[in-house]
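K.L.:
File follows, data-v4.cif with mmCIF, C-alpha atoms and all ligand atoms:
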data_target
loop_
_atom_site.group_PDB
_atom_site.id
_atom_site.type_symbol
_atom_site.label_atom_id
_atom_site.label_comp_id
_atom_site.auth_asym_id
_atom_site.auth_seq_id
_atom_site.Cartn_x
_atom_site.Cartn_y
_atom_site.Cartn_z
ATOM 1 C CA MET W 294 43.446 -60.352 205.796
ATOM 2 C CA THR W 295 40.807 -60.419 203.124
ATOM 3 C CA GLU W 296 37.412 -58.899 202.955
ATOM 4 C CA THR W 297 34.777 -60.146 200.609
ATOM 5 C CA ALA W 298 31.167 -59.503 199.873
ATOM 6 C CA ALA W 299 30.346 -62.346 197.528
ATOM 7 C CA GLN W 300 28.159 -61.524 194.563
ATOM 8 C CA ALA W 301 27.717 -64.970 193.063
ATOM 9 C CA GLU W 302 26.904 -67.949 195.233
ATOM 10 C CA PRO W 303 30.109 -69.717 196.281
ATOM 11 C CA TYR W 304 29.543 -73.347 195.361
ATOM 12 C CA TYR W 305 29.265 -75.582 198.399
ATOM 13 C CA LEU W 306 28.004 -79.151 198.470
ATOM 14 C CA PRO W 307 26.899 -79.991 202.022
ATOM 15 C CA ALA W 308 27.872 -83.286 203.644
ATOM 16 C CA GLY W 309 25.156 -83.253 206.287
ATOM 17 C CA ASN W 310 23.161 -80.649 208.153
ATOM 18 C CA GLU W 311 26.018 -78.167 208.566
ATOM 19 C CA ILE W 312 24.164 -75.385 206.753
ATOM 20 C CA ASP W 313 21.229 -75.655 209.121
ATOM 21 C CA ILE W 314 23.406 -75.753 212.218
ATOM 22 C CA PHE W 315 25.402 -72.759 211.083
ATOM 23 C CA GLU W 316 22.227 -70.796 210.384
ATOM 24 C CA ARG W 317 20.875 -71.553 213.853
ATOM 25 C CA CYS W 318 24.201 -70.497 215.365
ATOM 26 C CA HIS W 319 24.095 -67.250 213.441
ATOM 27 C CA GLU W 320 20.575 -66.503 214.539
ATOM 28 C CA GLN W 321 21.299 -67.453 218.161
ATOM 29 C CA ARG W 322 24.540 -65.474 218.157
ATOM 30 C CA LEU W 323 26.754 -68.435 218.829
ATOM 31 C CA ALA W 324 30.360 -68.578 217.737
ATOM 32 C CA VAL W 325 31.364 -71.520 215.541
ATOM 33 C CA MET W 326 34.470 -73.663 215.404
ATOM 34 C CA LEU W 327 35.044 -75.629 212.191
ATOM 35 C CA LYS W 328 37.202 -78.674 212.734
ATOM 36 C CA GLY W 329 38.676 -80.681 209.905
ATOM 37 C CA PRO W 330 41.733 -81.462 207.806
ATOM 38 C CA THR W 331 43.334 -79.022 205.381
ATOM 39 C CA GLY W 332 41.505 -78.667 202.107
ATOM 40 C CA CYS W 333 38.265 -80.317 203.201
ATOM 41 C CA GLY W 334 36.073 -77.288 202.511
ATOM 42 C CA LYS W 335 36.097 -75.176 205.691
ATOM 43 C CA THR W 336 36.881 -71.890 203.988
ATOM 44 C CA ARG W 337 34.479 -72.579 201.157
ATOM 45 C CA PHE W 338 31.756 -73.379 203.680
ATOM 46 C CA VAL W 339 32.224 -70.053 205.472
ATOM 47 C CA GLU W 340 32.201 -68.184 202.154
ATOM 48 C CA HIS W 341 28.995 -69.939 201.255
ATOM 49 C CA MET W 342 27.386 -69.172 204.602
ATOM 50 C CA ALA W 343 28.358 -65.492 204.471
ATOM 51 C CA TRP W 344 26.694 -65.331 201.071
ATOM 52 C CA ARG W 345 23.568 -67.110 202.356
ATOM 53 C CA LEU W 346 23.302 -64.893 205.404
ATOM 54 C CA LYS W 347 24.133 -61.796 203.362
ATOM 55 C CA ARG W 348 26.928 -60.760 205.694
ATOM 56 C CA PRO W 349 30.332 -59.363 204.739
ATOM 57 C CA LEU W 350 33.145 -61.831 205.432
ATOM 58 C CA ILE W 351 36.431 -60.780 206.974
ATOM 59 C CA THR W 352 39.063 -63.527 206.969
ATOM 60 C CA ILE W 353 42.186 -63.475 209.108
ATOM 61 C CA ALA W 354 44.911 -66.088 208.579
ATOM 62 C CA CYS W 355 46.392 -66.793 212.012
ATOM 63 C CA HIS W 356 50.114 -67.263 212.553
ATOM 64 C CA ASP W 357 52.354 -67.366 215.575
ATOM 65 C CA ASP W 358 53.269 -63.716 215.679
ATOM 66 C CA LEU W 359 49.786 -62.429 215.170
ATOM 67 C CA ALA W 360 49.516 -59.834 217.940
ATOM 68 C CA ALA W 361 46.354 -58.596 219.602
ATOM 69 C CA SER W 362 46.905 -55.232 217.907
ATOM 70 C CA ASP W 363 46.826 -56.937 214.495
ATOM 71 C CA LEU W 364 43.233 -57.881 215.286
ATOM 72 C CA ILE W 365 42.095 -54.874 217.293
ATOM 73 C CA GLY W 366 43.913 -51.984 215.674
ATOM 74 C CA ARG W 367 46.634 -49.488 216.363
ATOM 75 C CA PHE W 368 47.534 -45.811 216.428
ATOM 76 C CA LEU W 369 49.059 -44.660 213.198
ATOM 77 C CA ILE W 370 51.529 -41.811 213.331
ATOM 78 C CA ARG W 371 50.777 -39.125 210.800
ATOM 79 C CA HIS W 372 52.255 -35.702 210.066
ATOM 80 C CA ASP W 373 49.406 -34.052 211.988
ATOM 81 C CA GLY W 374 49.385 -36.375 214.960
ATOM 82 C CA THR W 375 48.231 -39.881 215.642
ATOM 83 C CA GLN W 376 45.106 -41.529 214.415
ATOM 84 C CA TRP W 377 43.449 -44.715 215.555
ATOM 85 C CA GLN W 378 42.897 -47.354 212.919
ATOM 86 C CA ASP W 379 40.575 -50.283 213.556
ATOM 87 C CA GLY W 380 41.955 -53.764 212.979
ATOM 88 C CA PRO W 381 39.937 -56.413 211.120
ATOM 89 C CA LEU W 382 38.265 -57.854 214.224
ATOM 90 C CA THR W 383 37.112 -54.430 215.379
ATOM 91 C CA ARG W 384 35.803 -53.624 211.932
ATOM 92 C CA ALA W 385 33.922 -56.904 211.780
ATOM 93 C CA ALA W 386 32.362 -56.208 215.189
ATOM 94 C CA ARG W 387 31.284 -52.700 214.168
ATOM 95 C CA GLU W 388 30.007 -53.714 210.720
ATOM 96 C CA GLY W 389 28.231 -56.873 211.809
ATOM 97 C CA ALA W 390 30.428 -59.016 209.595
ATOM 98 C CA ILE W 391 31.329 -62.668 209.879
ATOM 99 C CA CYS W 392 34.890 -62.745 211.141
ATOM 100 C CA TYR W 393 36.727 -65.920 210.187
ATOM 101 C CA LEU W 394 39.979 -66.736 211.950
ATOM 102 C CA ASP W 395 41.625 -69.423 209.893
ATOM 103 C CA GLU W 396 43.900 -71.880 211.763
ATOM 104 C CA VAL W 397 43.251 -70.272 215.109
ATOM 105 C CA VAL W 398 45.616 -72.630 216.982
ATOM 106 C CA GLU W 399 48.484 -70.936 215.230
ATOM 107 C CA ALA W 400 47.760 -67.678 217.052
ATOM 108 C CA ARG W 401 49.372 -66.902 220.390
ATOM 109 C CA GLN W 402 47.316 -67.468 223.519
ATOM 110 C CA ASP W 403 47.352 -63.800 224.502
ATOM 111 C CA THR W 404 45.880 -63.010 221.094
ATOM 112 C CA VAL W 405 43.182 -65.654 221.323
ATOM 113 C CA VAL W 406 42.093 -64.389 224.729
ATOM 114 C CA ILE W 407 40.793 -61.137 223.257
ATOM 115 C CA LEU W 408 38.089 -63.155 221.515
ATOM 116 C CA HIS W 409 36.546 -64.228 224.794
ATOM 117 C CA ALA W 410 34.364 -61.213 225.549
ATOM 118 C CA LEU W 411 33.031 -61.344 221.986
ATOM 119 C CA THR W 412 31.885 -64.940 222.326
ATOM 120 C CA ASP W 413 29.673 -64.661 225.395
ATOM 121 C CA HIS W 414 26.474 -62.718 226.050
ATOM 122 C CA ARG W 415 28.372 -59.446 226.330
ATOM 123 C CA ARG W 416 29.526 -59.472 222.717
ATOM 124 C CA ILE W 417 31.988 -56.709 223.417
ATOM 125 C CA LEU W 418 35.491 -55.885 222.330
ATOM 126 C CA PRO W 419 37.374 -53.658 224.761
ATOM 127 C CA ILE W 420 40.013 -51.522 223.093
ATOM 128 C CA ASP W 421 42.526 -50.857 225.836
ATOM 129 C CA LYS W 422 44.499 -48.285 223.907
ATOM 130 C CA THR W 423 41.557 -45.954 223.363
ATOM 131 C CA GLY W 424 39.377 -46.939 226.296
ATOM 132 C CA GLU W 425 36.515 -47.680 223.926
ATOM 133 C CA ILE W 426 34.313 -50.693 224.407
ATOM 134 C CA VAL W 427 32.906 -51.786 221.074
ATOM 135 C CA GLN W 428 29.539 -53.480 221.208
ATOM 136 C CA ALA W 429 29.308 -55.989 218.378
ATOM 137 C CA ALA W 430 26.631 -55.161 215.803
ATOM 138 C CA PRO W 431 23.790 -57.691 215.404
ATOM 139 C CA GLY W 432 25.105 -59.615 212.386
ATOM 140 C CA PHE W 433 28.576 -60.091 213.867
ATOM 141 C CA GLN W 434 29.654 -63.695 214.183
ATOM 142 C CA LEU W 435 32.947 -65.234 215.072
ATOM 143 C CA VAL W 436 34.041 -68.350 213.207
ATOM 144 C CA VAL W 437 37.347 -70.118 213.756
ATOM 145 C CA SER W 438 38.893 -73.072 212.014
ATOM 146 C CA TYR W 439 41.009 -75.684 213.590
ATOM 147 C CA ASN W 440 42.795 -78.689 212.142
ATOM 148 C CA PRO W 441 42.821 -81.303 214.907
ATOM 149 C CA GLY W 442 45.300 -83.587 213.168
ATOM 150 C CA TYR W 443 47.877 -80.891 212.820
ATOM 151 C CA GLN W 444 50.645 -80.592 215.411
ATOM 152 C CA ARG W 445 48.209 -81.909 217.953
ATOM 153 C CA MET W 446 50.959 -82.555 220.445
ATOM 154 C CA LEU W 447 52.521 -79.148 220.173
ATOM 155 C CA LYS W 448 49.579 -76.859 220.120
ATOM 156 C CA ASP W 449 46.049 -77.000 221.281
ATOM 157 C CA LEU W 450 43.326 -74.602 222.215
ATOM 158 C CA LYS W 451 42.705 -73.978 225.894
ATOM 159 C CA PRO W 452 39.504 -75.533 227.250
ATOM 160 C CA SER W 453 38.393 -72.060 228.320
ATOM 161 C CA THR W 454 38.569 -71.012 224.677
ATOM 162 C CA ARG W 455 37.142 -74.179 223.144
ATOM 163 C CA GLN W 456 34.058 -74.088 225.322
ATOM 164 C CA ARG W 457 32.991 -70.797 223.810
ATOM 165 C CA PHE W 458 32.257 -72.348 220.444
ATOM 166 C CA VAL W 459 29.768 -74.677 218.845
ATOM 167 C CA ALA W 460 32.047 -77.124 217.044
ATOM 168 C CA MET W 461 31.244 -78.630 213.687
ATOM 169 C CA ASP W 462 33.251 -81.533 212.357
ATOM 170 C CA LEU W 463 33.956 -81.341 208.663
ATOM 171 C CA ASP W 464 35.878 -84.051 206.883
ATOM 172 C CA PHE W 465 36.650 -85.099 203.342
ATOM 173 C CA PRO W 466 33.385 -85.649 201.510
ATOM 174 C CA GLY W 467 32.078 -89.127 200.724
ATOM 175 C CA ALA W 468 33.134 -90.631 197.385
ATOM 176 C CA GLU W 469 30.060 -89.610 195.393
ATOM 177 C CA GLN W 470 30.138 -86.099 196.766
ATOM 178 C CA GLU W 471 33.853 -85.674 196.263
ATOM 179 C CA MET W 472 33.456 -86.737 192.625
ATOM 180 C CA GLU W 473 30.697 -84.191 192.192
ATOM 181 C CA ILE W 474 32.830 -81.431 193.745
ATOM 182 C CA ILE W 475 35.810 -82.285 191.525
ATOM 183 C CA ARG W 476 33.619 -82.193 188.445
ATOM 184 C CA GLN W 477 32.036 -78.909 189.426
ATOM 185 C CA GLU W 478 35.300 -77.213 190.272
ATOM 186 C CA SER W 479 37.472 -78.500 187.434
ATOM 187 C CA GLY W 480 35.055 -79.366 184.642
ATOM 188 C CA THR W 481 36.650 -82.783 184.273
ATOM 189 C CA ASP W 482 34.717 -85.821 183.049
ATOM 190 C CA HIS W 483 33.048 -88.447 185.192
ATOM 191 C CA ALA W 484 35.644 -91.159 184.560
ATOM 192 C CA THR W 485 38.583 -88.980 185.593
ATOM 193 C CA ALA W 486 36.796 -87.726 188.693
ATOM 194 C CA HIS W 487 35.966 -91.297 189.610
ATOM 195 C CA ALA W 488 39.537 -92.473 189.144
ATOM 196 C CA LEU W 489 40.931 -89.567 191.155
ATOM 197 C CA VAL W 490 38.622 -90.284 194.066
ATOM 198 C CA THR W 491 39.526 -93.984 193.973
ATOM 199 C CA LEU W 492 43.193 -93.023 193.986
ATOM 200 C CA ALA W 493 42.656 -90.581 196.841
ATOM 201 C CA HIS W 494 41.069 -93.281 198.964
ATOM 202 C CA ARG W 495 44.010 -95.577 198.323
ATOM 203 C CA ILE W 496 46.519 -92.874 199.202
ATOM 204 C CA ARG W 497 44.572 -91.807 202.291
ATOM 205 C CA SER W 498 44.909 -95.334 203.627
ATOM 206 C CA LEU W 499 48.702 -94.846 203.635
ATOM 207 C CA ARG W 500 48.216 -92.685 206.687
ATOM 208 C CA ASP W 501 48.825 -95.820 208.733
ATOM 209 C CA ARG W 502 52.158 -96.237 206.983
ATOM 210 C CA GLY W 503 53.380 -92.841 208.057
ATOM 211 C CA LEU W 504 51.959 -90.464 205.479
ATOM 212 C CA ALA W 505 51.404 -87.358 207.618
ATOM 213 C CA GLU W 506 49.472 -85.330 205.063
ATOM 214 C CA VAL W 507 46.869 -87.113 202.988
ATOM 215 C CA PRO W 508 45.444 -85.747 199.726
ATOM 216 C CA SER W 509 42.718 -83.187 200.233
ATOM 217 C CA THR W 510 39.808 -82.372 197.988
ATOM 218 C CA ARG W 511 41.770 -79.244 197.055
ATOM 219 C CA LEU W 512 44.678 -81.307 195.681
ATOM 220 C CA LEU W 513 42.306 -83.516 193.735
ATOM 221 C CA ILE W 514 40.792 -80.453 192.107
ATOM 222 C CA ALA W 515 44.235 -79.081 191.226
ATOM 223 C CA THR W 516 45.170 -82.423 189.674
ATOM 224 C CA ALA W 517 41.920 -82.558 187.726
ATOM 225 C CA LEU W 518 42.574 -79.037 186.421
ATOM 226 C CA LEU W 519 46.021 -80.048 185.159
ATOM 227 C CA ALA W 520 44.627 -83.139 183.470
ATOM 228 C CA LYS W 521 41.716 -81.219 182.004
ATOM 229 C CA ASN W 522 44.120 -78.675 180.546
ATOM 230 C CA GLY W 523 46.394 -80.951 178.634
ATOM 231 C CA ILE W 524 48.782 -82.578 181.120
ATOM 232 C CA PRO W 525 48.771 -86.392 180.805
ATOM 233 C CA VAL W 526 46.826 -87.695 183.770
ATOM 234 C CA LYS W 527 49.646 -89.635 185.456
ATOM 235 C CA GLU W 528 51.932 -86.606 185.189
ATOM 236 C CA ALA W 529 49.148 -84.507 186.624
ATOM 237 C CA CYS W 530 48.904 -86.894 189.574
ATOM 238 C CA TYR W 531 52.636 -86.872 190.233
ATOM 239 C CA ALA W 532 52.805 -83.076 190.196
ATOM 240 C CA GLY W 533 49.395 -82.184 191.577
ATOM 241 C CA LEU W 534 48.797 -84.890 194.099
ATOM 242 C CA ILE W 535 51.910 -86.797 195.135
ATOM 243 C CA SER W 536 54.788 -84.411 195.180
ATOM 244 C CA PRO W 537 52.959 -81.868 197.392
ATOM 245 C CA LEU W 538 52.318 -84.557 200.004
ATOM 246 C CA SER W 539 55.705 -85.960 200.843
ATOM 247 C CA ASP W 540 59.443 -85.833 200.274
ATOM 248 C CA ASP W 541 59.950 -89.317 201.648
ATOM 249 C CA GLU W 542 61.257 -91.502 198.819
ATOM 250 C CA SER W 543 59.588 -94.726 199.836
ATOM 251 C CA LEU W 544 56.212 -93.066 200.402
ATOM 252 C CA VAL W 545 56.466 -91.201 197.107
ATOM 253 C CA SER W 546 57.281 -94.390 195.298
ATOM 254 C CA ALA W 547 54.395 -96.228 196.987
ATOM 255 C CA MET W 548 52.060 -93.425 195.897
ATOM 256 C CA ARG W 549 53.390 -93.458 192.332
ATOM 257 C CA ASP W 550 52.664 -97.181 192.202
ATOM 258 C CA LEU W 551 49.094 -96.443 193.229
ATOM 259 C CA VAL W 552 48.824 -93.859 190.446
ATOM 260 C CA ASP W 553 50.138 -96.365 187.906
ATOM 261 C CA ALA W 554 47.714 -98.996 189.144
ATOM 262 C CA THR W 555 44.767 -96.597 188.982
ATOM 263 C CA PHE W 556 45.464 -95.089 185.558
ATOM 264 C CA LEU W 557 46.532 -98.042 183.431
HETATM 265 N N1 LIG S 601 31.799 -79.417 200.224
HETATM 266 C C1 LIG S 601 32.390 -78.730 199.243
HETATM 267 N N2 LIG S 601 31.675 -78.072 198.326
HETATM 268 C C2 LIG S 601 32.290 -77.378 197.341
HETATM 269 N N3 LIG S 601 33.623 -77.290 197.198
HETATM 270 C C3 LIG S 601 34.392 -77.932 198.079
HETATM 271 C C4 LIG S 601 33.835 -78.659 199.157
HETATM 272 N N4 LIG S 601 34.850 -79.196 199.874
HETATM 273 C C5 LIG S 601 35.977 -78.813 199.280
HETATM 274 N N5 LIG S 601 35.723 -78.043 198.193
HETATM 275 C C6 LIG S 601 36.725 -77.542 197.260
HETATM 276 O O1 LIG S 601 37.989 -77.771 197.844
HETATM 277 C C7 LIG S 601 38.741 -76.555 197.888
HETATM 278 C C8 LIG S 601 39.497 -76.483 199.190
HETATM 279 O O2 LIG S 601 38.611 -76.257 200.237
HETATM 280 P P1 LIG S 601 38.857 -75.126 201.339
HETATM 281 O O3 LIG S 601 37.531 -74.638 201.756
HETATM 282 O O4 LIG S 601 39.825 -74.121 200.871
HETATM 283 O O5 LIG S 601 39.531 -76.048 202.462
HETATM 284 P P2 LIG S 601 39.992 -75.707 203.941
HETATM 285 O O6 LIG S 601 39.610 -74.301 204.236
HETATM 286 O O7 LIG S 601 39.281 -76.722 204.772
HETATM 287 O O8 LIG S 601 41.483 -75.923 203.953
HETATM 288 C C9 LIG S 601 37.717 -75.431 197.728
HETATM 289 O O9 LIG S 601 38.304 -74.336 197.070
HETATM 290 C C10 LIG S 601 36.663 -76.082 196.875
HETATM 291 O O10 LIG S 601 37.048 -76.003 195.530
HETATM 292 MG MG MG S 602 40.970 -72.721 204.650
#
Could you rewrite the structure in this file as structure tokens?
Ligand SMILES: Nc1ncnc2c1ncn2[C@@H]1O[C@H](COP(=O)(O)OP(=O)(O)O)[C@@H](O)[C@H]1O
Ligand SMILES: [Mg+2]
P.N.:
Amino acid sequence: MTETAAQAEPYYLPAGNEIDIFERCHEQRLAVMLKGPTGCGKTRFVEHMAWRLKRPLITIACHDDLAASDLIGRFLIRHDGTQWQDGPLTRAAREGAICYLDEVVEARQDTVVILHALTDHRRILPIDKTGEIVQAAPGFQLVVSYNPGYQRMLKDLKPSTRQRFVAMDLDFPGAEQEMEIIRQESGTDHATAHALVTLAHRIRSLRDRGLAEVPSTRLLIATALLAKNGIPVKEACYAGLISPLSDDESLVSAMRDLVDATFL
């Protein structure tokens, strides 16, 4: 769990009208679901929006043994008795923070269900263990992220949960925008950013040939940072872009060929 109150503006280059939609959701007290592949900018977008809306941001990374008490809170045993300690969701509700549950599908159903009363007109969080019913403060907003391509068959959100959110589809940025983001984030030159984006498009088309994970904007930035800081660009691509994506020898070799064809 992390809590941030950003000082400087987190850089975010919008793809469409997502900033506007998010602002309307915030003002209308609607919960938001960000859909999109890993590394496409979901977290950065939320950081940017929290900064814009001047709200604290509390981020919770979901995983399959995240229990309701990890979100709501628990009694701590102390030498002089027990004391209730709010969990991150409860704190966000009280403080009027933006609460961001990253990869919400990873959380257990019985954990996700506790979000329900916070996402409708009641905006409440009942704390069974203390009997308290927390009324969410005005700035409170729930945001979840969800990667639809990921383990789609195994895990999905229940319709009763999905229908509580306004969903926004984020995807990898267009070529010009992705180049701009890479340059901003890594300080690399135009030619390298251009070549990396060209390469990324070629590799992303290998999805049809069985590449499960395609290169994200995040990986392109990491690769650009290596190249910018002295690693020969092909080496940077092998280490920063290709090796993280697959262990499959034939896919790796196909991707290396694309690197060699892109950076002559
Ligand atoms: N639209 C964008 N504007 C600015 N930076 C972006 C954008 N999209 C991606 N990035 C960059 O890519 C990195 C990974 O994005 P992130 O928000 O962590 O992805 P996600 O949460 O979707 O996995 C960010 O740290 C940022 O450097
Ligand atoms: Mg993220």
K.L.:
Might you pull out every residue within 6 Å of range 395-408 of chain W, with only C-alpha atoms counted and same-chain residues fewer than 2 positions away left off, and present them as a PyMOL selection string?
P.N.:
chain W and resi 354-357+359-361+410-411+437-439
K.L.:
Rank nothing, just name the residue among W:Thr383, W:Gln477, W:Thr491, W:Ser546 nearest to Leu518 in chain W, using all atoms listed in the file.
P.N.:
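With all atoms listed in the file as the atom set, the closest residue is W:Gln477.
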K.L.:
Could you tell me which residues the PyMOL selection byres (((chain W and resi 459) around 6) and not hetatm) returns for this structure, as an mmCIF file with C-alpha atoms, in the frame of the given file?
P.N.:
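What ended up in expr-v7.cif:
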data_model
loop_
_atom_site.group_PDB
_atom_site.id
_atom_site.type_symbol
_atom_site.label_atom_id
_atom_site.label_comp_id
_atom_site.auth_asym_id
_atom_site.auth_seq_id
_atom_site.Cartn_x
_atom_site.Cartn_y
_atom_site.Cartn_z
ATOM 1 C CA VAL W 325 31.364 -71.520 215.541
ATOM 2 C CA MET W 326 34.470 -73.663 215.404
ATOM 3 C CA PHE W 458 32.257 -72.348 220.444
ATOM 4 C CA ALA W 460 32.047 -77.124 217.044
#
K.L.:
Give me, as a tab-separated table, each residue of chain W that comes within 12 Å of ligand MG 602 (chain S), together with its shortest interatomic pair and the distance in Å at one decimal, counting all atoms listed in the file, with rows ordered by chain and rising residue number.
P.N.:
residue	atom	partner	partner_atom	distance
W:Leu327	CA	S:MG602	MG	10.0
W:Lys328	CA	S:MG602	MG	10.7
W:Gly329	CA	S:MG602	MG	9.8
W:Pro330	CA	S:MG602	MG	9.3
W:Thr331	CA	S:MG602	MG	6.8
W:Gly332	CA	S:MG602	MG	6.5
W:Cys333	CA	S:MG602	MG	8.2
W:Gly334	CA	S:MG602	MG	7.0
W:Lys335	CA	S:MG602	MG	5.6
W:Thr336	CA	S:MG602	MG	4.2
W:Arg337	CA	S:MG602	MG	7.4
W:Phe338	CA	S:MG602	MG	9.3
W:Val339	CA	S:MG602	MG	9.2
W:Glu340	CA	S:MG602	MG	10.2
W:Thr352	CA	S:MG602	MG	9.7
W:Ile353	CA	S:MG602	MG	10.3
W:Ala354	CA	S:MG602	MG	8.7
W:Cys355	CA	S:MG602	MG	10.9
W:Tyr393	CA	S:MG602	MG	9.7
W:Leu394	CA	S:MG602	MG	9.5
W:Asp395	CA	S:MG602	MG	6.2
W:Glu396	CA	S:MG602	MG	7.7
W:Val397	CA	S:MG602	MG	11.0
W:Val436	CA	S:MG602	MG	11.8
W:Val437	CA	S:MG602	MG	10.1
W:Ser438	CA	S:MG602	MG	7.7
W:Tyr439	CA	S:MG602	MG	9.4
W:Asn440	CA	S:MG602	MG	9.8
W:Leu463	CA	S:MG602	MG	11.8
W:Ser509	CA	S:MG602	MG	11.5
W:Thr510	CA	S:MG602	MG	11.8
W:Arg511	CA	S:MG602	MG	10.0
K.L.:
Exactly which residues make up the result of the PyMOL selection byres (((chain W and resi 422) around 10) and not hetatm) on this file, given as a short mmCIF file (atom, residue, chain, number, x, y, z; two decimals) with C-alpha atoms, in the frame of the given file?
P.N.:
data_model
loop_
_atom_site.label_atom_id
_atom_site.label_comp_id
_atom_site.auth_asym_id
_atom_site.auth_seq_id
_atom_site.Cartn_x
_atom_site.Cartn_y
_atom_site.Cartn_z
CA SER W 362 46.90 -55.23 217.91
CA ILE W 365 42.10 -54.87 217.29
CA GLY W 366 43.91 -51.98 215.67
CA ARG W 367 46.63 -49.49 216.36
CA PHE W 368 47.53 -45.81 216.43
CA TRP W 377 43.45 -44.72 215.56
CA PRO W 419 37.37 -53.66 224.76
CA ILE W 420 40.01 -51.52 223.09
CA ASP W 421 42.53 -50.86 225.84
CA THR W 423 41.56 -45.95 223.36
CA GLY W 424 39.38 -46.94 226.30
CA GLU W 425 36.52 -47.68 223.93
#
K.L.:
Counting all atoms listed in the file, which of W:Glu506, W:Asp541, W:Asp363, W:Glu478 gets nearest to ligand LIG 601 (chain S)?
P.N.:
W:Glu478
K.L.:
May I ask which of the residues W:Ser479, W:Gln321, W:Gln470, W:Asn522 is the closest one to Thr412 in chain W, counting all atoms listed in the file?
P.N.:
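Nearest candidate to Thr412 in chain W out of W:Ser479, W:Gln321, W:Gln470, W:Asn522: W:Gln321.
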K.L.:
What is the CA of Met472 in chain W to CA of Pro508 in chain W distance in Å?
P.N.:
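Between these atoms lies a distance of 14.0 Å.
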K.L.:
Taking all atoms listed in the file into account, name the residue in W:Arg457, W:Arg322, W:Arg476, W:His487 that is nearest to ligand LIG 601 (chain S).
P.N.:
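Result for the nearest residue to ligand LIG 601 (chain S): W:Arg476.
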K.L.:
When the PyMOL selection byres (((chain W and resi 302) around 9) and not hetatm) is applied to the file above, which residues end up in the set, as a ChimeraX atom specification?
P.N.:
/W:299-301,303-305,340-341,344-345
K.L.:
Would you mind exporting the chosen residues as a PDB file, keeping the file's coordinate frame, restricted to C-alpha atoms?
P.N.:
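Contents of the output file again_5.pdb:
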ATOM      1  CA  ALA W 299      30.346 -62.346 197.528  1.00  0.00           C
ATOM      2  CA  GLN W 300      28.159 -61.524 194.563  1.00  0.00           C
ATOM      3  CA  ALA W 301      27.717 -64.970 193.063  1.00  0.00           C
ATOM      4  CA  PRO W 303      30.109 -69.717 196.281  1.00  0.00           C
ATOM      5  CA  TYR W 304      29.543 -73.347 195.361  1.00  0.00           C
ATOM      6  CA  TYR W 305      29.265 -75.582 198.399  1.00  0.00           C
ATOM      7  CA  GLU W 340      32.201 -68.184 202.154  1.00  0.00           C
ATOM      8  CA  HIS W 341      28.995 -69.939 201.255  1.00  0.00           C
ATOM      9  CA  TRP W 344      26.694 -65.331 201.071  1.00  0.00           C
ATOM     10  CA  ARG W 345      23.568 -67.110 202.356  1.00  0.00           C
TER      11      ARG W 345
END
K.L.:
Box time for range 477-482 of chain W: axis-aligned, enclosing all its listed atoms, 3 Å extra on each side; report centre and edge lengths in Å to one decimal, as lines of an AutoDock Vina configuration file.
P.N.:
center_x = 34.8
center_y = -81.5
center_z = 186.7
size_x = 11.4
size_y = 14.6
size_z = 13.2
K.L.:
Could you check the closest approach to Leu492 in chain W for each of W:Ala505, W:Ala554, W:Leu512, W:Ala430 and tell me which residue wins, using only C-alpha atoms?
P.N.:
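Under the stated criterion, the closest residue is W:Ala554.
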K.L.:
Please determine, counting all atoms listed in the file, which residue among W:Val526, W:Thr516, W:Ile535, W:Ile391 has the shortest atom-to-atom distance to ligand LIG 601 (chain S).
P.N.:
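With all atoms listed in the file as the atom set, the closest residue is W:Thr516.
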K.L.:
With the input short on atoms, add N, CA and C atoms back to range 487-496 of chain W and write it as an mmCIF file, in the frame of the given file.
P.N.:
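Done, and the output landed in selection-v5.cif:
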data_model
loop_
_atom_site.group_PDB
_atom_site.id
_atom_site.type_symbol
_atom_site.label_atom_id
_atom_site.label_comp_id
_atom_site.auth_asym_id
_atom_site.auth_seq_id
_atom_site.Cartn_x
_atom_site.Cartn_y
_atom_site.Cartn_z
ATOM 1 N N HIS W 487 36.119 -90.022 188.919
ATOM 2 C CA HIS W 487 35.966 -91.297 189.610
ATOM 3 C C HIS W 487 37.328 -91.904 189.933
ATOM 4 N N ALA W 488 38.212 -91.899 188.939
ATOM 5 C CA ALA W 488 39.537 -92.473 189.144
ATOM 6 C C ALA W 488 40.325 -91.683 190.195
ATOM 7 N N LEU W 489 40.198 -90.382 190.179
ATOM 8 C CA LEU W 489 40.931 -89.567 191.155
ATOM 9 C C LEU W 489 40.446 -89.836 192.583
ATOM 10 N N VAL W 490 39.155 -90.014 192.723
ATOM 11 C CA VAL W 490 38.622 -90.284 194.066
ATOM 12 C C VAL W 490 39.061 -91.678 194.539
ATOM 13 N N THR W 491 39.046 -92.636 193.626
ATOM 14 C CA THR W 491 39.526 -93.984 193.973
ATOM 15 C C THR W 491 40.983 -93.920 194.426
ATOM 16 N N LEU W 492 41.779 -93.187 193.648
ATOM 17 C CA LEU W 492 43.193 -93.023 193.986
ATOM 18 C C LEU W 492 43.353 -92.349 195.350
ATOM 19 N N ALA W 493 42.559 -91.314 195.569
ATOM 20 C CA ALA W 493 42.656 -90.581 196.841
ATOM 21 C C ALA W 493 42.381 -91.510 198.021
ATOM 22 N N HIS W 494 41.388 -92.364 197.868
ATOM 23 C CA HIS W 494 41.069 -93.281 198.964
ATOM 24 C C HIS W 494 42.231 -94.228 199.227
ATOM 25 N N ARG W 495 42.857 -94.684 198.150
ATOM 26 C CA ARG W 495 44.010 -95.577 198.323
ATOM 27 C C ARG W 495 45.157 -94.849 199.030
ATOM 28 N N ILE W 496 45.406 -93.618 198.595
ATOM 29 C CA ILE W 496 46.519 -92.874 199.202
ATOM 30 C C ILE W 496 46.193 -92.524 200.663
#
